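Step one of this worksheet: look at the structure below.
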There are 2 protein chains.
Amino acid sequence: MKHNILVGQSGGPTAVINGSLYGVVKRGLETPQIDNIYGMVNGIEGFLNGNMMDMRTLEENGTLPLLKTTPGAYLGSCRYKLPEDLSDPVYPQLFAKFAEYEIQSVFYIGGNDSMDTVSKLSRYAAKNESSIRFIGIPKTIDNDLVMTDHTPGFGSAAKYVASTVREIAVDASVYDNKPSVTIVEIMGRHAGWLTAASALARKFEGDNPVLIYLPETAFDKDRFLSQVQDALKKTTNLVVCISEGIHDAEGTFICEYASEVGTDTFGHKMLTGSGKYLENLVKDTLGIKVRSVELNVSQRCSSSCLSGTDLEEAVCAGSYGVDCAMDGKTGVMITFERQAGDSYEMVPGTADVNQICNEEKVVPSDWITADGSDVTESFLNYVRPLIQGQVEVPQKDGLPHFIYRK
Amino acid sequence: MKHNILVGQSGGPTAVINGSLYGVVKRGLETPQIDNIYGMVNGIEGFLNGNMMDMRTLEENGTLPLLKTTPGAYLGSCRYKLPEDLSDPVYPQLFAKFAEYEIQSVFYIGGNDSMDTVSKLSRYAAKNESSIRFIGIPKTIDNDLVMTDHTPGFGSAAKYVASTVREIAVDASVYDNKPSVTIVEIMGRHAGWLTAASALARKFEGDNPVLIYLPETAFDKDRFLSQVQDALKKTTNLVVCISEGIHDAEGTFICEYASEVGTDTFGHKMLTGSGKYLENLVKDTLGIKVRSVELNVSQRCSSSCLSGTDLEEAVCAGSYGVDCAMDGKTGVMITFERQAGDSYEMVPGTADVNQICNEEKVVPSDWITADGSDVTESFLNYVRPLIQGQVEVPQKDGLPHFIYRK
């Protein structure tokens, strides 16, 4: 019997999610027991509709190495949730398709929801005595998966955030004889890891970003205004970093304050973000020069600030996943365990995917200062190694050279 | 008598404005007739207040080469406009300061307003038989200065825009089985050069960004909606690029449509941009998945997409400016003239600053398609050479290594 493998991507993309795909394909090609390597196009939803591709073509046409530095999800993604009820007819449909293509191992690259898919498929397999192995390969810029030191995708996003906030601080300081406030809105609805990484932009104590607000701490707009006023006494051109998901003590998102503004001149309802709301608040209340910058999707799709460490680990998560499947493991997610010692060293491992898929890891409260406007040195020691190392992205016609499925 | 020189920066920063500062300082150090090299801190306004520094210190402490790849304005900037009336007492004040420091040549790096400063100072000098030379070194991401093929600063901003729009298109295509619209707002209040450069992001005809709107053409929201609907028939995940300064036939900015939304729940007036307005318009009118991305200040301060060509020309503008001053030129701005032929070649020259300072160069109408939603191949041939060449930015602790005045 053949040992064919199947790999898919799911959820939002990251700068290195294709690095993990590369890792699976490359190790698949190197493993003699493995025959065909199939990719699901648009995740498990696309696979259900028969949407697949042969990954060996990338090796044959010489474009496989470009996959590593191509952002986005090469195979396309989906946000399809498998039914909770394992007796739903979709499961035998899926397993019939696995049998049709003689698939022995399935690798699913994604975050929380994707691990839920791995959990359900592996439980269905156990229940029905199927020998197919299901391995979760973690990715998320949010770094919110439990049972792993961190998640591939976070390091590059953190490097992008820190570099960009550094440059924004430089830009803000140009008129350094006139006070100003710049509010930077960073991704993270429930977990503030990425916003916390903006602290890496500082080059000395007290440097910008002076104030950092995470969703782990309740946001109070009056305290915020008084902290801004205090900070302006020491810093002429103040940079403030906020998570998109900051909310008040009642759990109301700050961006919801703004979403109630009503309609514009043409009767369209206006929606805006937390940063824009706070920009208007500072302008109206303090009467100071203020602007807001939403870092937006470049946080998860920019190839310009790839972390060498992150990319290496993303590839490793894919190749180690293949090794685990060949060892007979199933129902697990690949994890990283930080080794004790002075130098940074990560060892890959596995954890039961059922313990991961419905949990969310937030920034520990002792890594946030008591006044809720900064992170501690312990957090910086945790995050600093994750952004190290530069990656040279191949160029073509003056732009980064990516590969595309079609 | 000594020949001391003075250099300053003014207006908004670019990614390579410090490249021109480097060019002035480096050529100043290489020129035996030149004695001291002074920098104005915060432009002519700072100089009036006695705010200066000795630029030789950068050579002495070994940080001068880092200046080339440090974004922002190292010397700080100002938005100070000299009085129209040349009999204003500020002029003799300034010239007394020039005499005090034995300054023979002044270099002012900036855009339109800075050239206005060079014009006034050189006219005052001519009127009062002063031998001090005033040279304008052009910079702007907007590319709106006349009498030069293009302006240093534009190439790197164009490269940033094209790279980022390419990555946003990749990100948008991840759920390629579901239709979506992404609206990207790009800097440019009156001139659409930078927005037009987003066309470089295309990898085949008809690729994203499918629709591009510049302020050179009147924007009509009904035509926009119908062009979006047409484009969605061919492109599932549509990317639309707009200039921040798009306006209707009456001259009303599209962002002003949105600024009339009224107040939020706390009574603060909400302001937002053209992209956010159009996002809400598409959502309400077409009921399709839509998001907007404002590229914001990274367009002018990101060091991650420096164009090698642009940086080289920015340095050249500075060093050639010194050569011109030593040749006795004054009241001129450094220009670039494109040479005929197959390969890209620029020759530096000079133009009368009085013919530049109150003019604005916009994208020619024959470089915009008749339906106002795209640019032509002629524009692409013009812009493509300007984004070529990669620049390696020195790194420190995982982040770009910049230098700071303090």
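By order of appearance in the structure tokens: chains A, B, ..., then residues from 1 within every chain, and ligands from 1 in the order shown.
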
If you count only C-alpha atoms, which residues fall within 12 Å of Ala231 in chain B, apart from same-chain ones fewer than 4 positions away, as a PDB file with C-alpha atoms, in the first residue's frame?
```pdb
ATOM      1  CA  PRO B 179     -15.405  37.484  -3.180  1.00  0.00           C
ATOM      2  CA  SER B 180     -13.876  40.464  -1.391  1.00  0.00           C
ATOM      3  CA  VAL B 181     -12.758  44.048  -1.948  1.00  0.00           C
ATOM      4  CA  GLY B 206      -5.600  42.501 -15.401  1.00  0.00           C
ATOM      5  CA  ASP B 207      -3.900  41.547 -12.112  1.00  0.00           C
ATOM      6  CA  ASN B 208      -4.461  43.474  -8.884  1.00  0.00           C
ATOM      7  CA  PRO B 209      -4.638  46.324  -8.229  1.00  0.00           C
ATOM      8  CA  VAL B 210      -7.345  46.280 -10.906  1.00  0.00           C
ATOM      9  CA  LEU B 211      -8.613  49.796 -10.175  1.00  0.00           C
ATOM     10  CA  ILE B 212      -6.424  52.844  -9.444  1.00  0.00           C
ATOM     11  CA  PHE B 224     -16.647  53.842  -8.784  1.00  0.00           C
ATOM     12  CA  LEU B 225     -19.335  51.433  -7.550  1.00  0.00           C
ATOM     13  CA  SER B 226     -20.139  50.286 -11.067  1.00  0.00           C
ATOM     14  CA  GLN B 227     -16.423  49.813 -11.881  1.00  0.00           C
ATOM     15  CA  THR B 235     -11.379  39.179 -10.138  1.00  0.00           C
ATOM     16  CA  THR B 236     -12.697  37.398  -7.023  1.00  0.00           C
ATOM     17  CA  ASN B 237     -10.481  39.269  -4.558  1.00  0.00           C
ATOM     18  CA  LEU B 238     -10.372  42.805  -5.853  1.00  0.00           C
ATOM     19  CA  VAL B 239      -7.731  45.312  -4.741  1.00  0.00           C
ATOM     20  CA  VAL B 240      -8.438  49.015  -5.377  1.00  0.00           C
ATOM     21  CA  SER B 373      -9.366  53.998 -13.223  1.00  0.00           C
TER      22      SER B 373
END
```

Taking only residues of chain B that have an atom at most 6 Å from an atom of chain A, what is each one's shortest atom pair and its distance in Å to one decimal, using only C-alpha atoms, in chain and number order, as CSV?
```
residue,atom,partner,partner_atom,distance
B:Gly72,CA,A:Asp171,CA,5.2
B:Ala73,CA,A:Val174,CA,5.8
B:Gly76,CA,A:Val174,CA,4.6
B:Ser77,CA,A:Val174,CA,5.4
B:Ser163,CA,A:Leu399,CA,5.8
B:Glu167,CA,A:Cys301,CA,5.9
B:Val170,CA,A:Gly72,CA,5.8
B:Asp171,CA,A:Gly72,CA,5.2
B:Val174,CA,A:Gly76,CA,4.6
B:Tyr175,CA,A:Ser77,CA,5.4
B:Ala258,CA,A:Asp264,CA,5.8
B:Val261,CA,A:Asp264,CA,4.2
B:Thr263,CA,A:Val261,CA,5.8
B:Asp264,CA,A:Val261,CA,4.2
B:Cys301,CA,A:Glu167,CA,5.9
B:Ser304,CA,A:Ser304,CA,5.8
B:Ile387,CA,A:Gly398,CA,5.7
B:Gln388,CA,A:Gly398,CA,4.4
B:Gly398,CA,A:Gln388,CA,4.4
B:Leu399,CA,A:Ser163,CA,5.8
```

With N, CA, C and O atoms retained, could you export that selection as a short mmCIF file (atom, residue, chain, number, x, y, z; two decimals), in the first residue's frame?
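Printed below is again_37.cif as written:
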```
data_model
loop_
_atom_site.label_atom_id
_atom_site.label_comp_id
_atom_site.auth_asym_id
_atom_site.auth_seq_id
_atom_site.Cartn_x
_atom_site.Cartn_y
_atom_site.Cartn_z
N GLY B 72 13.74 59.27 8.13
CA GLY B 72 13.40 60.46 8.91
C GLY B 72 14.41 61.55 8.61
O GLY B 72 15.32 61.37 7.81
N ALA B 73 14.27 62.69 9.25
CA ALA B 73 15.20 63.79 9.04
C ALA B 73 16.14 63.84 10.24
O ALA B 73 15.73 64.26 11.33
N GLY B 76 16.31 66.97 12.08
CA GLY B 76 15.02 67.55 12.47
C GLY B 76 14.53 68.47 11.37
O GLY B 76 15.31 68.90 10.51
N SER B 77 13.26 68.76 11.41
CA SER B 77 12.66 69.53 10.33
C SER B 77 11.92 70.75 10.89
O SER B 77 11.90 70.98 12.10
N SER B 163 5.51 47.04 -3.37
CA SER B 163 5.76 45.79 -2.61
C SER B 163 4.60 45.50 -1.66
O SER B 163 4.14 44.37 -1.56
N GLU B 167 1.86 42.42 -1.55
CA GLU B 167 1.64 41.55 -0.40
C GLU B 167 0.18 41.59 0.06
O GLU B 167 -0.37 40.57 0.47
N VAL B 170 -1.72 39.35 -2.18
CA VAL B 170 -1.50 37.96 -1.78
C VAL B 170 -2.38 37.63 -0.58
O VAL B 170 -3.07 36.61 -0.54
N ASP B 171 -2.38 38.51 0.40
CA ASP B 171 -3.19 38.30 1.61
C ASP B 171 -4.68 38.20 1.24
O ASP B 171 -5.40 37.35 1.77
N VAL B 174 -6.17 34.78 -0.19
CA VAL B 174 -6.12 33.56 0.61
C VAL B 174 -7.46 32.83 0.65
O VAL B 174 -7.53 31.61 0.55
N TYR B 175 -8.54 33.61 0.74
CA TYR B 175 -9.88 33.01 0.68
C TYR B 175 -10.40 33.20 -0.73
O TYR B 175 -11.39 33.87 -0.97
N ALA B 258 -16.86 61.88 4.61
CA ALA B 258 -16.87 61.11 5.85
C ALA B 258 -16.73 61.98 7.08
O ALA B 258 -17.17 61.62 8.16
N VAL B 261 -19.69 62.98 9.62
CA VAL B 261 -20.48 61.94 10.26
C VAL B 261 -21.05 62.35 11.60
O VAL B 261 -21.93 61.72 12.13
N THR B 263 -20.84 63.07 15.70
CA THR B 263 -20.09 62.80 16.91
C THR B 263 -20.31 61.35 17.37
O THR B 263 -21.28 60.71 17.01
N ASP B 264 -19.37 60.85 18.15
CA ASP B 264 -19.51 59.51 18.70
C ASP B 264 -20.30 59.56 20.01
O ASP B 264 -20.83 60.60 20.39
N CYS B 301 8.72 56.56 5.76
CA CYS B 301 9.76 56.32 6.77
C CYS B 301 10.22 54.86 6.85
O CYS B 301 11.05 54.53 7.69
N SER B 304 12.63 49.42 4.93
CA SER B 304 12.62 48.03 4.50
C SER B 304 12.55 47.87 2.99
O SER B 304 12.78 46.79 2.48
N ILE B 387 12.53 52.06 -9.00
CA ILE B 387 12.42 51.20 -7.81
C ILE B 387 13.46 50.07 -7.80
O ILE B 387 13.44 49.22 -6.92
N GLN B 388 14.35 50.09 -8.77
CA GLN B 388 15.30 48.97 -8.88
C GLN B 388 16.42 49.06 -7.85
O GLN B 388 16.81 50.14 -7.42
N GLY B 398 18.35 42.54 15.98
CA GLY B 398 17.17 42.11 15.24
C GLY B 398 16.37 43.21 14.57
O GLY B 398 15.35 42.95 13.94
N LEU B 399 16.84 44.45 14.74
CA LEU B 399 16.12 45.59 14.15
C LEU B 399 17.07 46.43 13.31
O LEU B 399 18.28 46.36 13.50
#
```

**Prompt:** From the set A:Val363, A:Ala199, A:Ile137, A:Met333, which residue has the shortest atom-to-atom contact distance to Gly110 in chain A, counting only C-alpha atoms?
**Reply:** A:Ile137

**Request:** Write out as an MDAnalysis selection string all residues of range 161-245 of chain B that backbone DSSP assigns to strand (DSSP E or B).
**Result:** chainID B and resid 180:186 211:213 237:243

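For the choices A:Thr69, A:Asn112, A:Ser156, A:Thr57, the atom-to-atom distance to Ile37 in chain A is smallest for A:Thr57 when using only C-alpha atoms.
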
**Item:** Spatial neighbours of range 48-50 of chain B, 7 Å, only C-alpha atoms, chain gap at least 3 places, as number ranges by chain
**Value:** B: 44-45, 94

How would the residues just chosen look if you wrote them out with N, CA, C and O atoms as a tab-separated table (two decimals), in the first residue's frame?
```tsv
chain	number	residue	atom	x	y	z
B	44	ILE	N	15.64	76.09	9.08
B	44	ILE	CA	15.98	77.50	9.17
B	44	ILE	C	15.42	78.12	10.45
B	44	ILE	O	16.01	79.05	11.02
B	45	GLU	N	14.31	77.55	10.94
B	45	GLU	CA	13.70	78.03	12.19
B	45	GLU	C	14.64	77.76	13.37
B	45	GLU	O	14.86	78.63	14.22
B	94	LEU	N	19.21	86.67	9.77
B	94	LEU	CA	19.77	85.42	9.24
B	94	LEU	C	21.16	85.64	8.64
B	94	LEU	O	22.10	84.89	8.91
```

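Take CA of Pro394 in chain B and CA of Thr63 in chain B: the distance between them is 11.7 Å.
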
**Message:** Taking only range 54-150 of chain B into account, list the residues labelled helix (DSSP H, G or I) by DSSP (computed from the backbone), as a ChimeraX atom specification.
**Reply:** /B:56-60,64-67,90-100,112-127

**Complete:** Correct to one decimal, the distance CA of Tyr124 in chain A-CA of Lys26 in chain A is 28.4 Å

**Item:** Nearest to Ile334 in chain A by atom-to-atom distance, counting only C-alpha atoms, from A:Ser365, A:Thr151, A:Asn18, A:Thr182
**Value:** A:Thr151

**Selection near Val315 in chain B, 12 Å with only C-alpha atoms, sequence-local residues under 3 positions removed, as a ChimeraX atom specification** = /B:16-27,65,67-69,109,137-139,152-153,308-312,318-322,334,348

Dump of N, CA and C atoms for the selected residues, as an mmCIF file, in the first residue's frame:
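Saved to selection.cif:
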```cif
data_model
loop_
_atom_site.group_PDB
_atom_site.id
_atom_site.type_symbol
_atom_site.label_atom_id
_atom_site.label_comp_id
_atom_site.auth_asym_id
_atom_site.auth_seq_id
_atom_site.Cartn_x
_atom_site.Cartn_y
_atom_site.Cartn_z
ATOM 1 N N VAL B 16 15.035 58.484 2.218
ATOM 2 C CA VAL B 16 16.404 58.753 1.761
ATOM 3 C C VAL B 16 16.826 60.216 1.930
ATOM 4 N N ILE B 17 16.057 61.012 2.662
ATOM 5 C CA ILE B 17 16.431 62.424 2.825
ATOM 6 C C ILE B 17 17.783 62.523 3.548
ATOM 7 N N ASN B 18 18.060 61.555 4.421
ATOM 8 C CA ASN B 18 19.378 61.542 5.077
ATOM 9 C C ASN B 18 20.478 61.088 4.128
ATOM 10 N N GLY B 19 20.101 60.427 3.037
ATOM 11 C CA GLY B 19 21.073 60.087 1.991
ATOM 12 C C GLY B 19 21.617 61.359 1.367
ATOM 13 N N SER B 20 20.747 62.341 1.147
ATOM 14 C CA SER B 20 21.203 63.623 0.595
ATOM 15 C C SER B 20 22.055 64.390 1.601
ATOM 16 N N LEU B 21 21.678 64.304 2.881
ATOM 17 C CA LEU B 21 22.496 64.927 3.931
ATOM 18 C C LEU B 21 23.889 64.290 3.945
ATOM 19 N N TYR B 22 23.907 62.945 3.841
ATOM 20 C CA TYR B 22 25.179 62.225 3.758
ATOM 21 C C TYR B 22 26.002 62.738 2.573
ATOM 22 N N GLY B 23 25.333 62.908 1.422
ATOM 23 C CA GLY B 23 26.023 63.379 0.213
ATOM 24 C C GLY B 23 26.670 64.741 0.416
ATOM 25 N N VAL B 24 25.947 65.659 1.061
ATOM 26 C CA VAL B 24 26.491 67.001 1.316
ATOM 27 C C VAL B 24 27.704 66.908 2.256
ATOM 28 N N VAL B 25 27.545 66.156 3.347
ATOM 29 C CA VAL B 25 28.604 66.079 4.358
ATOM 30 C C VAL B 25 29.844 65.391 3.786
ATOM 31 N N LYS B 26 29.610 64.267 3.126
ATOM 32 C CA LYS B 26 30.721 63.477 2.572
ATOM 33 C C LYS B 26 31.522 64.300 1.562
ATOM 34 N N ARG B 27 30.796 64.979 0.609
ATOM 35 C CA ARG B 27 31.498 65.774 -0.392
ATOM 36 C C ARG B 27 32.145 66.994 0.264
ATOM 37 N N PRO B 65 28.396 56.595 7.799
ATOM 38 C CA PRO B 65 27.769 55.695 6.815
ATOM 39 C C PRO B 65 26.350 55.266 7.203
ATOM 40 N N LEU B 67 24.101 57.052 8.337
ATOM 41 C CA LEU B 67 23.169 58.117 7.990
ATOM 42 C C LEU B 67 22.395 57.776 6.718
ATOM 43 N N LYS B 68 23.094 57.131 5.771
ATOM 44 C CA LYS B 68 22.501 56.834 4.467
ATOM 45 C C LYS B 68 21.219 56.015 4.568
ATOM 46 N N THR B 69 21.184 55.069 5.524
ATOM 47 C CA THR B 69 20.042 54.150 5.613
ATOM 48 C C THR B 69 19.153 54.437 6.829
ATOM 49 N N ILE B 109 17.614 70.923 2.071
ATOM 50 C CA ILE B 109 17.056 69.695 1.504
ATOM 51 C C ILE B 109 15.553 69.677 1.791
ATOM 52 N N ILE B 137 18.294 71.135 -2.479
ATOM 53 C CA ILE B 137 18.467 69.700 -2.761
ATOM 54 C C ILE B 137 17.063 69.089 -2.672
ATOM 55 N N PRO B 138 16.535 68.545 -3.775
ATOM 56 C CA PRO B 138 15.130 68.128 -3.773
ATOM 57 C C PRO B 138 14.886 66.829 -3.015
ATOM 58 N N LYS B 139 13.780 66.759 -2.336
ATOM 59 C CA LYS B 139 13.280 65.519 -1.737
ATOM 60 C C LYS B 139 11.768 65.628 -1.648
ATOM 61 N N PRO B 152 14.337 62.612 -5.619
ATOM 62 C CA PRO B 152 14.771 61.610 -4.632
ATOM 63 C C PRO B 152 13.733 61.482 -3.506
ATOM 64 N N GLY B 153 13.498 60.258 -3.074
ATOM 65 C CA GLY B 153 12.460 59.993 -2.069
ATOM 66 C C GLY B 153 11.277 59.277 -2.698
ATOM 67 N N GLY B 308 17.673 51.036 -4.407
ATOM 68 C CA GLY B 308 19.104 51.307 -4.586
ATOM 69 C C GLY B 308 19.323 52.512 -5.485
ATOM 70 N N THR B 309 18.527 52.587 -6.550
ATOM 71 C CA THR B 309 18.613 53.707 -7.490
ATOM 72 C C THR B 309 18.292 55.021 -6.779
ATOM 73 N N ASP B 310 17.237 54.997 -5.990
ATOM 74 C CA ASP B 310 16.794 56.206 -5.288
ATOM 75 C C ASP B 310 17.846 56.681 -4.297
ATOM 76 N N LEU B 311 18.393 55.755 -3.524
ATOM 77 C CA LEU B 311 19.388 56.139 -2.518
ATOM 78 C C LEU B 311 20.634 56.717 -3.184
ATOM 79 N N GLU B 312 21.046 56.075 -4.267
ATOM 80 C CA GLU B 312 22.227 56.556 -4.990
ATOM 81 C C GLU B 312 22.001 57.982 -5.502
ATOM 82 N N GLY B 318 23.006 65.491 -3.114
ATOM 83 C CA GLY B 318 23.745 66.206 -2.074
ATOM 84 C C GLY B 318 25.154 66.548 -2.506
ATOM 85 N N SER B 319 25.874 65.564 -3.031
ATOM 86 C CA SER B 319 27.286 65.809 -3.373
ATOM 87 C C SER B 319 27.387 66.737 -4.587
ATOM 88 N N TYR B 320 26.478 66.560 -5.551
ATOM 89 C CA TYR B 320 26.498 67.439 -6.725
ATOM 90 C C TYR B 320 26.143 68.875 -6.318
ATOM 91 N N GLY B 321 25.287 69.007 -5.325
ATOM 92 C CA GLY B 321 24.950 70.328 -4.807
ATOM 93 C C GLY B 321 26.181 71.054 -4.274
ATOM 94 N N VAL B 322 27.035 70.333 -3.560
ATOM 95 C CA VAL B 322 28.278 70.927 -3.042
ATOM 96 C C VAL B 322 29.171 71.371 -4.205
ATOM 97 N N ILE B 334 18.975 71.211 -7.529
ATOM 98 C CA ILE B 334 19.569 70.101 -8.279
ATOM 99 C C ILE B 334 18.434 69.331 -8.968
ATOM 100 N N PRO B 348 22.767 64.603 -13.449
ATOM 101 C CA PRO B 348 22.319 65.695 -12.588
ATOM 102 C C PRO B 348 22.544 67.045 -13.261
#
```

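Atom to atom, CA of Asn354 in chain A and CA of Ile5 in chain A stand 22.1 Å apart.
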
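Between Val393 in chain A and the candidates A:Ile34, A:Leu6, A:Leu306, A:Ala196, the tightest atom-to-atom separation, counting only C-alpha atoms, involves A:Leu306.
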
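If only C-alpha atoms are the atoms counted, then among B:Gln299, B:Glu377, B:Pro89, B:Gln104 the closest residue to Val161 in chain B is B:Gln299.
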